[in-house]
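Remarks on the structure that follows.
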Amino acid sequence: MTLIRFKKGLASLKQGMNALAAGDLTSQINFTDTDELSALADNFNKMKQSLAQITIKKEELKQEVDSQTHKLIEQQDRLIFLAEHDELTGIYNRRAFIKKIDTAIARDLRGEDQAALLFLDLNKFKDINDSLGHSIGDDVIMIIASRLVNNLRATDMVGRFGGDEFIVWLDMITGPIDIEHKIHQLLDCIKQPIIIGQHILHVGASIGISILPKHGLNSRELISAADTAMYQAKADGSIEFCFYTSNHGVSALATS
């Protein structure tokens, strides 16, 4: 009987160790007798419980580290986004847009490609902002920004220069005809009615255009040229957009 109990106990211990080797930290070895094998099995069970608790703590620690790392990455991405994008509209802010087009200019000059910069200022926006308040004005700015984004190619870019001024980069163009076609498309989408609550609002835009490399070889020159042309279009009143020319200031021109 003693030999039988001994063999049975060793078999149980062996089975328990095999289960442990296979990664089982939950099963227990059960002995009804109170002898040396029973005490050994009890110690073995306690060891498995300790291992299970350590494993659980390690897994919880790993999950917590992974969670905190994920949160830090999200926060970092959010900070980068906020640093590069306009808080109201979500499009590029002035600083980030200039940085982006500097990169595009360097690439286009290497490839001898043409590009165009549009400086866009909304018409009638000040009246809306003054009469209906800044909240409605902000809604108008957000709607116009969304319309501009939705009417540009993936290779183009749009940024908010400040207030009701936007800048658009048209990359890899073939000539003025392509630019005019895009400008008419943008003007059409801008002039669509804007419905905010019970208000039906209308805005227009004055657009100045400069062309790379004709009107400048860097962002500063191109923005300055397009800004000059935009003010000419706005001052004229009978046109909606015009091209900058280094000889005469601006050339036009399109009737409104």
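Ligands are numbered from 1 in the order shown, chains are lettered A, B, ... in the order of the structure tokens, and residues start at 1 in each chain.
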If DSSP is run on the backbone, what residues of region 25-136 of chain A are strand (DSSP E)? A reply as a PyMOL selection string would be ideal.
chain A and resi 114-123
Same residues, N, CA and C atoms, output as a PDB file, in the first residue's frame:
```pdb
ATOM      1  N   GLN A 114       6.364  73.986 -62.938  1.00  0.00           N
ATOM      2  CA  GLN A 114       5.705  75.229 -62.567  1.00  0.00           C
ATOM      3  C   GLN A 114       4.724  74.975 -61.426  1.00  0.00           C
ATOM      4  N   ALA A 115       4.488  76.011 -60.633  1.00  0.00           N
ATOM      5  CA  ALA A 115       3.490  75.952 -59.568  1.00  0.00           C
ATOM      6  C   ALA A 115       2.924  77.357 -59.403  1.00  0.00           C
ATOM      7  N   ALA A 116       1.795  77.452 -58.719  1.00  0.00           N
ATOM      8  CA  ALA A 116       1.174  78.766 -58.521  1.00  0.00           C
ATOM      9  C   ALA A 116       0.774  78.929 -57.071  1.00  0.00           C
ATOM     10  N   LEU A 117       0.876  80.171 -56.597  1.00  0.00           N
ATOM     11  CA  LEU A 117       0.432  80.505 -55.250  1.00  0.00           C
ATOM     12  C   LEU A 117      -0.728  81.494 -55.356  1.00  0.00           C
ATOM     13  N   LEU A 118      -1.836  81.173 -54.696  1.00  0.00           N
ATOM     14  CA  LEU A 118      -3.018  82.029 -54.686  1.00  0.00           C
ATOM     15  C   LEU A 118      -3.154  82.664 -53.307  1.00  0.00           C
ATOM     16  N   PHE A 119      -3.279  83.975 -53.292  1.00  0.00           N
ATOM     17  CA  PHE A 119      -3.553  84.704 -52.051  1.00  0.00           C
ATOM     18  C   PHE A 119      -5.008  85.134 -52.114  1.00  0.00           C
ATOM     19  N   LEU A 120      -5.810  84.626 -51.188  1.00  0.00           N
ATOM     20  CA  LEU A 120      -7.263  84.760 -51.260  1.00  0.00           C
ATOM     21  C   LEU A 120      -7.781  85.518 -50.047  1.00  0.00           C
ATOM     22  N   ASP A 121      -8.562  86.550 -50.297  1.00  0.00           N
ATOM     23  CA  ASP A 121      -9.176  87.339 -49.229  1.00  0.00           C
ATOM     24  C   ASP A 121     -10.689  87.359 -49.450  1.00  0.00           C
ATOM     25  N   LEU A 122     -11.451  87.025 -48.419  1.00  0.00           N
ATOM     26  CA  LEU A 122     -12.905  86.959 -48.558  1.00  0.00           C
ATOM     27  C   LEU A 122     -13.520  88.350 -48.666  1.00  0.00           C
ATOM     28  N   ASN A 123     -14.540  88.447 -49.481  1.00  0.00           N
ATOM     29  CA  ASN A 123     -15.327  89.673 -49.598  1.00  0.00           C
ATOM     30  C   ASN A 123     -16.626  89.526 -48.803  1.00  0.00           C
TER      31      ASN A 123
END
```
Suppose you want the space between CA of Leu152 (chain A) and CA of Tyr92 (chain A); what is it in Å?
14.0 Å
Let me make sure I understand: among A:Ser146, A:Thr69, A:Gln49, A:Thr103, which one has the smallest atom-to-atom distance to Ser219 (chain A) if we use only C-alpha atoms?
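Checking each candidate against Ser219 (chain A), we get A:Thr103 as the closest.
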Extract, using only C-alpha atoms, all DNA, RNA and protein residues at most 9 Å from Met142 (chain A), discarding same-chain residues fewer than 6 positions from it, and format them as a list in words.
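Everything that qualifies: Leu88, Thr89 and Gly90 of chain A.
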Write out, as a short mmCIF file (atom, residue, chain, number, x, y, z; two decimals), in the first residue's frame, the residues just selected, with C-alpha atoms.
```cif
data_model
loop_
_atom_site.label_atom_id
_atom_site.label_comp_id
_atom_site.auth_asym_id
_atom_site.auth_seq_id
_atom_site.Cartn_x
_atom_site.Cartn_y
_atom_site.Cartn_z
CA LEU A 88 -10.22 77.00 -35.90
CA THR A 89 -10.19 75.34 -39.32
CA GLY A 90 -7.74 72.45 -38.98
#
```
Between CA of Gly163 (chain A) and CA of His199 (chain A) - distance in Å to one decimal
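Computing it gives 21.1 Å between the two atoms.
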Skipping near chain neighbours, those fewer than 4 positions away, what residues fall within 8 Å of region 207-212 of chain A using only C-alpha atoms, listed as a list in words?
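Once the nearby chain positions are removed, what remains is Ile105, Gln114, Ala115, Ala116, Leu117, Leu118, Phe119, Leu120, Asp121, Gly216, Leu217, Leu222, Ile223, Ala225, Ala226, Asp227, Thr228, Ala229, Met230, Tyr231, Gln232, Ala233, Glu240, Phe241, Cys242, Phe243 and Tyr244 of chain A.
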Which residues are near Lys48 (chain A)? Cut-off 9 Å, only C-alpha atoms, ignore same chain within fewer than 2 positions. Put them as a list in words.
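Final neighbour list, sorted by chain and number: Leu20, Asp24, Leu25, Thr26, Ser27, Gln28, Asn43, Phe44, Asn45, Lys46, Ser50, Leu51, Ala52 and Gln53 of chain A.
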Show which residues sit within 8 Å of Ile136 (chain A), as a list in words. Count only C-alpha atoms, and ignore same-chain residues fewer than 5 positions away.
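Final neighbour list, sorted by chain and number: Ile128, Asn129 and Ile196 of chain A.
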Fewer than 5 positions away in the same chain doesn't count, so skip those; otherwise give me all residues within 10 Å of Lys124 (chain A), counting only C-alpha atoms, as a ChimeraX atom specification.
/A:129,201-205
Keeping only N, CA and C atoms, write those residues as a PDB file, in the first residue's frame.
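The file below, out-v7.pdb, is the result:
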```pdb
ATOM      1  N   ASN A 129     -19.270  89.373 -39.921  1.00  0.00           N
ATOM      2  CA  ASN A 129     -18.642  89.290 -38.600  1.00  0.00           C
ATOM      3  C   ASN A 129     -19.130  90.406 -37.676  1.00  0.00           C
ATOM      4  N   LEU A 201     -26.145  83.072 -45.915  1.00  0.00           N
ATOM      5  CA  LEU A 201     -25.104  84.079 -46.122  1.00  0.00           C
ATOM      6  C   LEU A 201     -24.383  83.846 -47.446  1.00  0.00           C
ATOM      7  N   HIS A 202     -23.825  84.931 -47.976  1.00  0.00           N
ATOM      8  CA  HIS A 202     -23.063  84.848 -49.219  1.00  0.00           C
ATOM      9  C   HIS A 202     -21.756  85.628 -49.047  1.00  0.00           C
ATOM     10  N   VAL A 203     -20.675  85.034 -49.468  1.00  0.00           N
ATOM     11  CA  VAL A 203     -19.384  85.721 -49.500  1.00  0.00           C
ATOM     12  C   VAL A 203     -18.749  85.489 -50.861  1.00  0.00           C
ATOM     13  N   GLY A 204     -17.825  86.360 -51.200  1.00  0.00           N
ATOM     14  CA  GLY A 204     -17.033  86.191 -52.407  1.00  0.00           C
ATOM     15  C   GLY A 204     -15.568  86.208 -52.037  1.00  0.00           C
ATOM     16  N   ALA A 205     -14.711  86.402 -53.032  1.00  0.00           N
ATOM     17  CA  ALA A 205     -13.279  86.435 -52.743  1.00  0.00           C
ATOM     18  C   ALA A 205     -12.544  87.229 -53.802  1.00  0.00           C
TER      19      ALA A 205
END
```
Where does DSSP see alpha helix (DSSP H) in region 26-197 of chain A, if you list the residues as a PyMOL selection string?
chain A and resi 36-84+94-111+125-132+134-150+176-190
For Asn150 (chain A), the closest of A:Ile195, A:Met17, A:Ile239, A:Ile91 counting only C-alpha atoms is A:Ile91
